[in-house]
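**Student:** Would you mind keeping the following structure in view while I ask a few things?
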Amino acid sequence: MIKLLRTIRFDASDERVFDIAAPSADWAVSGAFAFAGLEESAITGKTRQAFANGFLGLPSRGRSTFATVGDATSDQHADLVYSLAVYLMAAHGAPDMDAGLLAAAEEVGFVEELCREALVNTVFTVRRFCDSDGQIREQFRTVKPPAGEPLHTKIWTVE
């Protein structure tokens, strides 16, 4: 199995803060590429919230404040790369499917690396900002499930 991120909702707040809120269980990538070339000071409103704290969910193309680590099959991994490539062509100017697949594989590979050592059900948040050179930077934080004794109560599942 391959570890990837999936969107998760703890409440309805994403529906109020993002233009499009991802439903629970979408596969998730950082999605920082959507803001490349934009001046941070020009990003306002719900777009600002997506920039600052949103994971990109697929296939919905919505944003999520939280993402959780889940197991993916190789078919699900391939579907995510393909879906992201189509999105990169349609909305972000990838010139053809080969270029889209290359960029999508890189984005999904970043998520794989991010999740490699994380336990399934570890929750991630992201803080995104531009540095003094105008480059987008990301800081990821985790909320890990309890270790040691078995969980007494399951608080969420990802299918």
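Going by the structure tokens order, chains are called A, B, ..., each with residues numbered from 1, while ligands are numbered from 1 in the order shown.
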Show me, as JSON, numbers by chain, the residues that have an atom within 12 Å of A:Asp98 when counting only C-alpha atoms, minus same-chain residues fewer than 5 positions from it.
**Tutor:** {"A": [81, 82, 85, 86, 88, 89, 103, 104, 105]}
**Student:** Of the residues A:Ile43, A:Ile136, A:Ala90, A:Ala28, which is the one nearest to A:Val108, using only C-alpha atoms?
**Tutor:**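 Counting only C-alpha atoms, the residue closest to A:Val108 is A:Ala28.
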**Student:** Which of these residues is nearest to A:Asp19, using only C-alpha atoms: A:Leu84, A:Arg61, A:Leu102, A:Ala67?
**Tutor:**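 Using only C-alpha atoms, A:Asp19 sits closest to A:Arg61.
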**Student:** For a quick check of understanding, using only C-alpha atoms, which of A:Ala91, A:Val17, A:Leu58, A:Ala99 has the smallest distance to A:Gln76?
**Tutor:**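 Distance minimum relative to A:Gln76 lands on A:Leu58.
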**Student:** If we count only C-alpha atoms and set the cut-off at 7 Å, which residues sit around stretch 127-132 of chain A, ignoring sequence neighbours fewer than 2 positions away in its own chain? Please answer as a JSON list (two decimals) with N, CA, C and O atoms, in the first residue's frame.
**Tutor:**
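Listed below is the output, out29.json:
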```
[["chain", "number", "residue", "atom", "x", "y", "z"],
["A", 40, "GLU", "N", 1.39, 37.75, -3.18],
["A", 40, "GLU", "CA", 0.67, 37.38, -1.96],
["A", 40, "GLU", "C", -0.27, 38.49, -1.49],
["A", 40, "GLU", "O", -1.38, 38.21, -1.06],
["A", 51, "PHE", "N", -5.10, 29.77, -0.06],
["A", 51, "PHE", "CA", -3.65, 29.91, -0.14],
["A", 51, "PHE", "C", -3.00, 29.59, 1.20],
["A", 51, "PHE", "O", -2.04, 28.82, 1.28],
["A", 52, "ALA", "N", -3.50, 30.19, 2.26],
["A", 52, "ALA", "CA", -2.85, 30.10, 3.57],
["A", 52, "ALA", "C", -2.98, 28.73, 4.22],
["A", 52, "ALA", "O", -2.05, 28.28, 4.89],
["A", 53, "ASN", "N", -4.10, 28.03, 4.02],
["A", 53, "ASN", "CA", -4.36, 26.82, 4.82],
["A", 53, "ASN", "C", -5.05, 25.68, 4.08],
["A", 53, "ASN", "O", -5.52, 24.76, 4.75],
["A", 125, "THR", "N", -2.10, 19.57, 8.81],
["A", 125, "THR", "CA", -2.53, 20.92, 8.46],
["A", 125, "THR", "C", -1.37, 21.56, 7.70],
["A", 125, "THR", "O", -0.23, 21.09, 7.78],
["A", 134, "GLY", "N", 9.54, 36.14, -2.42],
["A", 134, "GLY", "CA", 8.29, 35.90, -3.13],
["A", 134, "GLY", "C", 8.01, 34.44, -3.44],
["A", 134, "GLY", "O", 7.06, 34.13, -4.16],
["A", 135, "GLN", "N", 8.84, 33.53, -2.90],
["A", 135, "GLN", "CA", 8.65, 32.10, -3.13],
["A", 135, "GLN", "C", 7.64, 31.54, -2.13],
["A", 135, "GLN", "O", 7.67, 31.89, -0.95],
["A", 136, "ILE", "N", 6.77, 30.66, -2.61],
["A", 136, "ILE", "CA", 5.79, 30.03, -1.72],
["A", 136, "ILE", "C", 6.50, 29.02, -0.84],
["A", 136, "ILE", "O", 7.26, 28.18, -1.32],
["A", 137, "ARG", "N", 6.24, 29.11, 0.44],
["A", 137, "ARG", "CA", 6.78, 28.17, 1.43],
["A", 137, "ARG", "C", 5.63, 27.50, 2.15],
["A", 137, "ARG", "O", 4.57, 28.13, 2.35],
["A", 138, "GLU", "N", 5.85, 26.27, 2.57],
["A", 138, "GLU", "CA", 4.81, 25.52, 3.29],
["A", 138, "GLU", "C", 5.40, 24.92, 4.55],
["A", 138, "GLU", "O", 6.53, 24.45, 4.55],
["A", 139, "GLN", "N", 4.59, 24.96, 5.60],
["A", 139, "GLN", "CA", 4.92, 24.29, 6.85],
["A", 139, "GLN", "C", 3.77, 23.34, 7.15],
["A", 139, "GLN", "O", 2.60, 23.77, 7.18],
["A", 140, "PHE", "N", 4.10, 22.08, 7.36],
["A", 140, "PHE", "CA", 3.08, 21.08, 7.66],
["A", 140, "PHE", "C", 3.17, 20.70, 9.13],
["A", 140, "PHE", "O", 4.27, 20.54, 9.67]]
```
**Student:** Mind the document's chain letters and residue numbers, and return as an NGL selection string the residues of stretch 8-153 of chain A that DSSP labels alpha helix (DSSP H).
**Tutor:** :A and (13-17 or 45-53 or 74-92 or 97-115)
